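Pasting model_37.cif here (mmCIF, C-alpha atoms):
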```cif
data_run
loop_
_atom_site.label_atom_id
_atom_site.label_comp_id
_atom_site.auth_asym_id
_atom_site.auth_seq_id
_atom_site.Cartn_x
_atom_site.Cartn_y
_atom_site.Cartn_z
CA MET A 3 116.21 196.04 60.54
CA ILE A 4 118.81 195.63 63.28
CA LEU A 5 120.73 198.48 64.86
CA VAL A 6 123.97 197.96 66.74
CA ALA A 7 124.88 200.93 68.92
CA GLY A 8 127.02 201.76 71.90
CA SER A 9 130.48 202.79 72.94
CA VAL A 10 133.94 201.29 73.21
CA ASP A 11 136.51 202.70 75.63
CA PHE A 12 140.25 202.71 75.00
CA ASP A 13 143.27 204.02 76.80
CA PRO A 14 142.87 207.72 75.80
CA ALA A 15 146.45 207.85 74.54
CA ARG A 16 145.67 205.02 72.11
CA ARG A 17 142.14 205.82 70.92
CA ASP A 18 143.18 207.75 67.80
CA ALA A 19 145.57 204.97 66.78
CA ALA A 20 142.72 202.48 67.22
CA LEU A 21 140.49 204.53 64.93
CA GLN A 22 143.25 204.79 62.32
CA ALA A 23 143.82 201.03 62.47
CA ALA A 24 140.06 200.43 62.12
CA ALA A 25 139.60 202.82 59.19
CA PRO A 26 140.57 200.30 56.45
CA LEU A 27 137.82 197.97 57.70
CA LEU A 28 134.99 200.50 57.35
CA ALA A 29 134.58 200.60 53.56
CA PRO A 30 134.59 196.81 53.05
CA THR A 31 132.16 196.37 55.92
CA ARG A 32 129.84 198.98 54.41
CA ALA A 33 129.98 197.05 51.14
CA GLN A 34 128.74 193.84 52.76
CA ARG A 35 125.30 192.59 51.78
CA GLY A 36 122.70 194.05 54.12
CA CYS A 37 124.92 196.70 55.68
CA LEU A 38 122.93 199.94 55.73
CA ALA A 39 125.31 201.96 57.94
CA TYR A 40 128.57 201.34 59.77
CA SER A 41 130.45 203.99 61.69
CA TRP A 42 133.03 204.29 64.46
CA CYS A 43 133.54 207.87 65.70
CA ALA A 44 135.61 209.50 68.43
CA ASP A 45 133.63 211.10 71.25
CA PRO A 46 134.46 214.83 71.35
CA VAL A 47 134.34 214.98 75.17
CA GLU A 48 135.42 211.57 76.54
CA ALA A 49 139.07 211.19 75.53
CA GLY A 50 139.14 207.40 75.18
CA ARG A 51 135.62 206.75 73.93
CA VAL A 52 134.51 205.63 70.46
CA HIS A 53 130.84 205.53 69.47
CA VAL A 54 129.66 202.62 67.38
CA PHE A 55 126.64 202.74 65.09
CA GLU A 56 125.63 200.01 62.67
CA SER A 57 122.45 199.28 60.76
CA TRP A 58 121.80 195.88 59.17
CA ALA A 59 118.93 194.80 56.94
CA ASP A 60 118.29 191.58 58.86
CA GLU A 61 119.71 188.86 61.11
CA ALA A 62 121.26 186.99 58.18
CA ALA A 63 123.26 190.05 57.15
CA LEU A 64 124.50 190.62 60.71
CA ALA A 65 125.37 186.93 61.11
CA SER A 66 127.33 187.01 57.87
CA HIS A 67 129.23 190.07 59.12
CA PHE A 68 130.05 188.34 62.42
CA ALA A 69 131.46 185.36 60.49
CA GLY A 70 133.56 187.49 58.16
CA GLU A 71 137.07 188.88 57.99
CA CYS A 72 136.10 192.50 58.68
CA TYR A 73 134.60 191.58 62.04
CA LYS A 74 137.63 189.46 62.92
CA GLY A 75 139.85 192.36 61.91
CA MET A 76 137.93 194.77 64.12
CA LEU A 77 138.29 192.41 67.08
CA ALA A 78 142.05 192.39 66.47
CA VAL A 79 142.11 196.19 66.39
CA LEU A 80 140.22 196.37 69.67
CA GLY A 81 142.56 193.95 71.36
CA ALA A 82 145.71 195.67 70.12
CA HIS A 83 144.87 199.22 71.20
CA GLY A 84 144.26 199.31 74.93
CA LEU A 85 140.61 198.25 75.07
CA ARG A 86 139.22 199.12 78.50
CA GLY A 87 135.59 198.20 78.06
CA ALA A 88 132.59 198.20 75.79
CA ASP A 89 128.85 198.73 76.05
CA VAL A 90 127.39 197.79 72.68
CA ALA A 91 123.93 196.32 72.11
CA LYS A 92 121.76 195.23 69.20
CA TYR A 93 118.18 196.40 68.70
CA ARG A 94 115.52 194.92 66.45
CA VAL A 95 113.56 197.72 64.77
CA ASP A 96 109.91 197.15 64.02
CA VAL A 97 108.86 200.72 63.20
CA ARG A 98 110.74 203.35 61.22
CA GLU A 99 109.56 206.83 60.39
CA PRO A 100 110.98 210.33 60.05
CA VAL A 101 111.76 212.54 63.04
CA TYR A 102 110.03 215.51 61.36
CA ASP A 103 106.39 215.54 60.33
CA SER A 104 105.10 217.12 57.10
CA SER A 105 105.11 220.58 58.70
CA GLY A 106 108.78 220.26 59.68
CA ARG A 107 108.06 219.80 63.39
CA PRO A 108 110.21 217.24 65.30
CA ARG A 109 108.07 214.52 66.83
CA ALA A 110 108.91 212.14 69.67
CA ASP A 111 105.74 210.10 69.10
CA PHE A 112 105.18 207.69 66.24
CA PHE A 113 102.77 209.64 64.10
CA SER A 114 102.50 207.90 60.73
CA GLY A 115 98.89 207.77 59.68
CA ARG A 116 97.78 210.15 62.45
CA GLU A 117 98.72 213.58 61.03
#
```

Would you mind giving the structure from this file in structure tokens?
Amino acid sequence: MILVAGSVDFDPARRDAALQAAAPLLAPTRAQRGCLAYSWCADPVEAGRVHVFESWADEAALASHFAGECYKGMLAVLGAHGLRGADVAKYRVDVREPVYDSSGRPRADFFSGRE
């Protein structure tokens, strides 16, 4: 699994317009093979910031997304709405487990098989 996460900063006066322009790209991106999650959300405190979260099944799925029209469309949205900067990274995930153990307690450690 690959996670893509970070933030994109816009001119605060143009952030909401950027999100509206991006909205039509969300559903078709989510429908792409291997897309497990795809979200762009306004930060409630930083006026120009948008948080990005994506989850992809594998490198092939992410590569296909990067080569497709939805990605090209998102780049156009970014460029047309006062983009000021971005800090977005990809992460390869080798372990996945729930935050809460069987007793409902949140765990920071990786506990599978050790309860």

Name the residues that the PyMOL selection byres ((chain A and resi 25-27) around 9) picks from the file above, as a list in words, using the file's chain letters and numbers. Ala20, Leu21, Gln22, Ala23, Ala24, Leu28, Ala29, Pro30, Thr31, Arg32, Trp42, Cys72, Tyr73, Gly75 and Met76 of chain A

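Residues lying at most 12 Å from (144.6, 194.4, 69.7) in file coordinates, with all atoms listed in the file considered, are A:Phe12, A:Arg16, A:Arg17, A:Ala19, A:Ala20, A:Leu21, A:Ala23, A:Ala24, A:Lys74, A:Gly75, A:Met76, A:Leu77, A:Ala78, A:Val79, A:Leu80, A:Gly81, A:Ala82, A:His83, A:Gly84, A:Leu85, A:Arg86.
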
If you keep C-alpha atoms, can you produce a file of those selected residues as a CSV table (one decimal), in the coordinates of the input?
```csv
chain,number,residue,atom,x,y,z
A,12,PHE,CA,140.2,202.7,75.0
A,16,ARG,CA,145.7,205.0,72.1
A,17,ARG,CA,142.1,205.8,70.9
A,19,ALA,CA,145.6,205.0,66.8
A,20,ALA,CA,142.7,202.5,67.2
A,21,LEU,CA,140.5,204.5,64.9
A,23,ALA,CA,143.8,201.0,62.5
A,24,ALA,CA,140.1,200.4,62.1
A,74,LYS,CA,137.6,189.5,62.9
A,75,GLY,CA,139.8,192.4,61.9
A,76,MET,CA,137.9,194.8,64.1
A,77,LEU,CA,138.3,192.4,67.1
A,78,ALA,CA,142.0,192.4,66.5
A,79,VAL,CA,142.1,196.2,66.4
A,80,LEU,CA,140.2,196.4,69.7
A,81,GLY,CA,142.6,194.0,71.4
A,82,ALA,CA,145.7,195.7,70.1
A,83,HIS,CA,144.9,199.2,71.2
A,84,GLY,CA,144.3,199.3,74.9
A,85,LEU,CA,140.6,198.2,75.1
A,86,ARG,CA,139.2,199.1,78.5
```

Around all of segment 21-30 of chain A's listed atoms, make the axis-aligned box with 6 Å on each side and tell me centre and edge lengths in Å to one decimal, as lines of an AutoDock Vina configuration file.
```
center_x = 139.2
center_y = 200.8
center_z = 59.0
size_x = 21.2
size_y = 20.0
size_z = 23.9
```

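The shell of residues at most 7 Å from Tyr93 of chain A, with all atoms listed in the file counted and near chain neighbours (fewer than 3 positions) removed, consists of Ile4, Leu5 and Val6 of chain A.
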
Report as JSON, numbers by chain all protein, DNA and RNA residues lying within 6 Å of segment 57-67 of chain A, evaluated on all atoms listed in the file, omitting residues in the same chain fewer than 3 positions from it. {"A": [3, 4, 5, 36, 37, 38, 39, 70]}

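Interatomic distance, atom CA of Arg51 of chain A against atom CA of Ala88 of chain A: 9.3 Å.
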
Please report the interatomic distance between atom CA of Glu56 of chain A and atom CA of Phe113 of chain A in Å with one decimal. 24.8 Å

Name the closest residue to Gly87 of chain A among the candidates A:Asp18, A:Ala33, A:Pro108, A:Gly50; distances are taken between atoms, counting all atoms listed in the file. A:Gly50

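Straight-line separation from atom CA of Ala49 of chain A to atom CA of Gly8 of chain A: 15.7 Å.
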
Would you kindly translate the PyMOL selection byres ((chain A and resi 104) around 12) into the concrete residues it picks from this file, as a ChimeraX atom specification? /A:99-103,105-109,113-117

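The nearest approach to Phe55 of chain A among the residues A:Asp96, A:Asp89, A:Asp13, A:Glu71, with only C-alpha atoms taken into account, belongs to A:Asp89.
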
Where atoms are lacking, segment 71-107 of chain A completed to N, CA and C atoms, as a PDB file, in the coordinates of the input:
```
ATOM      1  N   GLU A  71     135.728 188.360  57.701  1.00  0.00           N
ATOM      2  CA  GLU A  71     137.070 188.880  57.990  1.00  0.00           C
ATOM      3  C   GLU A  71     137.061 190.294  58.555  1.00  0.00           C
ATOM      4  N   CYS A  72     136.136 191.128  58.149  1.00  0.00           N
ATOM      5  CA  CYS A  72     136.100 192.500  58.680  1.00  0.00           C
ATOM      6  C   CYS A  72     135.827 192.501  60.174  1.00  0.00           C
ATOM      7  N   TYR A  73     134.902 191.662  60.606  1.00  0.00           N
ATOM      8  CA  TYR A  73     134.600 191.580  62.040  1.00  0.00           C
ATOM      9  C   TYR A  73     135.804 191.042  62.806  1.00  0.00           C
ATOM     10  N   LYS A  74     136.435 190.005  62.272  1.00  0.00           N
ATOM     11  CA  LYS A  74     137.630 189.460  62.920  1.00  0.00           C
ATOM     12  C   LYS A  74     138.731 190.507  62.978  1.00  0.00           C
ATOM     13  N   GLY A  75     138.855 191.293  61.929  1.00  0.00           N
ATOM     14  CA  GLY A  75     139.850 192.360  61.910  1.00  0.00           C
ATOM     15  C   GLY A  75     139.564 193.426  62.948  1.00  0.00           C
ATOM     16  N   MET A  76     138.293 193.760  63.123  1.00  0.00           N
ATOM     17  CA  MET A  76     137.930 194.770  64.120  1.00  0.00           C
ATOM     18  C   MET A  76     138.220 194.252  65.520  1.00  0.00           C
ATOM     19  N   LEU A  77     137.949 192.977  65.773  1.00  0.00           N
ATOM     20  CA  LEU A  77     138.290 192.410  67.080  1.00  0.00           C
ATOM     21  C   LEU A  77     139.786 192.499  67.339  1.00  0.00           C
ATOM     22  N   ALA A  78     140.597 192.274  66.327  1.00  0.00           N
ATOM     23  CA  ALA A  78     142.050 192.390  66.470  1.00  0.00           C
ATOM     24  C   ALA A  78     142.459 193.821  66.787  1.00  0.00           C
ATOM     25  N   VAL A  79     141.825 194.783  66.123  1.00  0.00           N
ATOM     26  CA  VAL A  79     142.110 196.190  66.390  1.00  0.00           C
ATOM     27  C   VAL A  79     141.786 196.525  67.840  1.00  0.00           C
ATOM     28  N   LEU A  80     140.622 196.088  68.295  1.00  0.00           N
ATOM     29  CA  LEU A  80     140.220 196.370  69.670  1.00  0.00           C
ATOM     30  C   LEU A  80     141.242 195.816  70.661  1.00  0.00           C
ATOM     31  N   GLY A  81     141.637 194.591  70.446  1.00  0.00           N
ATOM     32  CA  GLY A  81     142.560 193.950  71.360  1.00  0.00           C
ATOM     33  C   GLY A  81     143.959 194.535  71.356  1.00  0.00           C
ATOM     34  N   ALA A  82     144.345 195.152  70.258  1.00  0.00           N
ATOM     35  CA  ALA A  82     145.710 195.670  70.120  1.00  0.00           C
ATOM     36  C   ALA A  82     145.874 197.124  70.550  1.00  0.00           C
ATOM     37  N   HIS A  83     144.778 197.787  70.941  1.00  0.00           N
ATOM     38  CA  HIS A  83     144.870 199.220  71.200  1.00  0.00           C
ATOM     39  C   HIS A  83     144.339 199.651  72.565  1.00  0.00           C
ATOM     40  N   GLY A  84     144.585 198.875  73.577  1.00  0.00           N
ATOM     41  CA  GLY A  84     144.260 199.310  74.930  1.00  0.00           C
ATOM     42  C   GLY A  84     142.782 199.330  75.257  1.00  0.00           C
ATOM     43  N   LEU A  85     142.039 198.339  74.779  1.00  0.00           N
ATOM     44  CA  LEU A  85     140.610 198.250  75.070  1.00  0.00           C
ATOM     45  C   LEU A  85     140.393 198.201  76.584  1.00  0.00           C
ATOM     46  N   ARG A  86     139.539 199.081  77.071  1.00  0.00           N
ATOM     47  CA  ARG A  86     139.220 199.120  78.500  1.00  0.00           C
ATOM     48  C   ARG A  86     137.821 198.623  78.808  1.00  0.00           C
ATOM     49  N   GLY A  87     136.954 198.656  77.833  1.00  0.00           N
ATOM     50  CA  GLY A  87     135.590 198.200  78.060  1.00  0.00           C
ATOM     51  C   GLY A  87     134.712 198.541  76.878  1.00  0.00           C
ATOM     52  N   ALA A  88     133.532 197.946  76.877  1.00  0.00           N
ATOM     53  CA  ALA A  88     132.590 198.200  75.790  1.00  0.00           C
ATOM     54  C   ALA A  88     131.167 198.031  76.314  1.00  0.00           C
ATOM     55  N   ASP A  89     130.283 198.846  75.771  1.00  0.00           N
ATOM     56  CA  ASP A  89     128.850 198.730  76.050  1.00  0.00           C
ATOM     57  C   ASP A  89     128.140 198.896  74.714  1.00  0.00           C
ATOM     58  N   VAL A  90     127.974 197.796  74.025  1.00  0.00           N
ATOM     59  CA  VAL A  90     127.390 197.790  72.680  1.00  0.00           C
ATOM     60  C   VAL A  90     126.242 196.779  72.690  1.00  0.00           C
ATOM     61  N   ALA A  91     125.104 197.180  72.128  1.00  0.00           N
ATOM     62  CA  ALA A  91     123.930 196.320  72.110  1.00  0.00           C
ATOM     63  C   ALA A  91     123.301 196.311  70.725  1.00  0.00           C
ATOM     64  N   LYS A  92     122.508 195.284  70.457  1.00  0.00           N
ATOM     65  CA  LYS A  92     121.760 195.230  69.200  1.00  0.00           C
ATOM     66  C   LYS A  92     120.285 195.439  69.507  1.00  0.00           C
ATOM     67  N   TYR A  93     119.595 196.065  68.549  1.00  0.00           N
ATOM     68  CA  TYR A  93     118.180 196.400  68.700  1.00  0.00           C
ATOM     69  C   TYR A  93     117.452 195.975  67.434  1.00  0.00           C
ATOM     70  N   ARG A  94     116.363 195.281  67.591  1.00  0.00           N
ATOM     71  CA  ARG A  94     115.520 194.920  66.450  1.00  0.00           C
ATOM     72  C   ARG A  94     114.516 196.058  66.269  1.00  0.00           C
ATOM     73  N   VAL A  95     114.418 196.570  65.053  1.00  0.00           N
ATOM     74  CA  VAL A  95     113.560 197.720  64.770  1.00  0.00           C
ATOM     75  C   VAL A  95     112.296 197.241  64.067  1.00  0.00           C
ATOM     76  N   ASP A  96     111.155 197.561  64.656  1.00  0.00           N
ATOM     77  CA  ASP A  96     109.910 197.150  64.020  1.00  0.00           C
ATOM     78  C   ASP A  96     109.143 198.318  63.413  1.00  0.00           C
ATOM     79  N   VAL A  97     109.503 199.541  63.771  1.00  0.00           N
ATOM     80  CA  VAL A  97     108.860 200.720  63.200  1.00  0.00           C
ATOM     81  C   VAL A  97     109.943 201.726  62.843  1.00  0.00           C
ATOM     82  N   ARG A  98     109.809 202.316  61.656  1.00  0.00           N
ATOM     83  CA  ARG A  98     110.740 203.350  61.220  1.00  0.00           C
ATOM     84  C   ARG A  98     109.936 204.455  60.581  1.00  0.00           C
ATOM     85  N   GLU A  99     110.192 205.689  61.026  1.00  0.00           N
ATOM     86  CA  GLU A  99     109.560 206.830  60.390  1.00  0.00           C
ATOM     87  C   GLU A  99     110.411 208.058  60.623  1.00  0.00           C
ATOM     88  N   PRO A 100     110.151 209.137  59.913  1.00  0.00           N
ATOM     89  CA  PRO A 100     110.980 210.330  60.050  1.00  0.00           C
ATOM     90  C   PRO A 100     110.812 211.002  61.413  1.00  0.00           C
ATOM     91  N   VAL A 101     111.824 211.750  61.801  1.00  0.00           N
ATOM     92  CA  VAL A 101     111.760 212.540  63.040  1.00  0.00           C
ATOM     93  C   VAL A 101     110.815 213.720  62.838  1.00  0.00           C
ATOM     94  N   TYR A 102     110.819 214.306  61.636  1.00  0.00           N
ATOM     95  CA  TYR A 102     110.030 215.510  61.360  1.00  0.00           C
ATOM     96  C   TYR A 102     108.742 215.156  60.619  1.00  0.00           C
ATOM     97  N   ASP A 103     107.645 215.767  61.032  1.00  0.00           N
ATOM     98  CA  ASP A 103     106.390 215.540  60.330  1.00  0.00           C
ATOM     99  C   ASP A 103     106.323 216.430  59.088  1.00  0.00           C
ATOM    100  N   SER A 104     105.218 216.392  58.373  1.00  0.00           N
ATOM    101  CA  SER A 104     105.100 217.120  57.100  1.00  0.00           C
ATOM    102  C   SER A 104     105.181 218.630  57.258  1.00  0.00           C
ATOM    103  N   SER A 105     104.989 219.138  58.480  1.00  0.00           N
ATOM    104  CA  SER A 105     105.110 220.580  58.700  1.00  0.00           C
ATOM    105  C   SER A 105     106.513 220.962  59.162  1.00  0.00           C
ATOM    106  N   GLY A 106     107.417 219.984  59.262  1.00  0.00           N
ATOM    107  CA  GLY A 106     108.780 220.260  59.680  1.00  0.00           C
ATOM    108  C   GLY A 106     108.990 220.258  61.186  1.00  0.00           C
ATOM    109  N   ARG A 107     107.994 219.826  61.927  1.00  0.00           N
ATOM    110  CA  ARG A 107     108.060 219.800  63.390  1.00  0.00           C
ATOM    111  C   ARG A 107     108.665 218.474  63.852  1.00  0.00           C
TER     112      ARG A 107
END
```
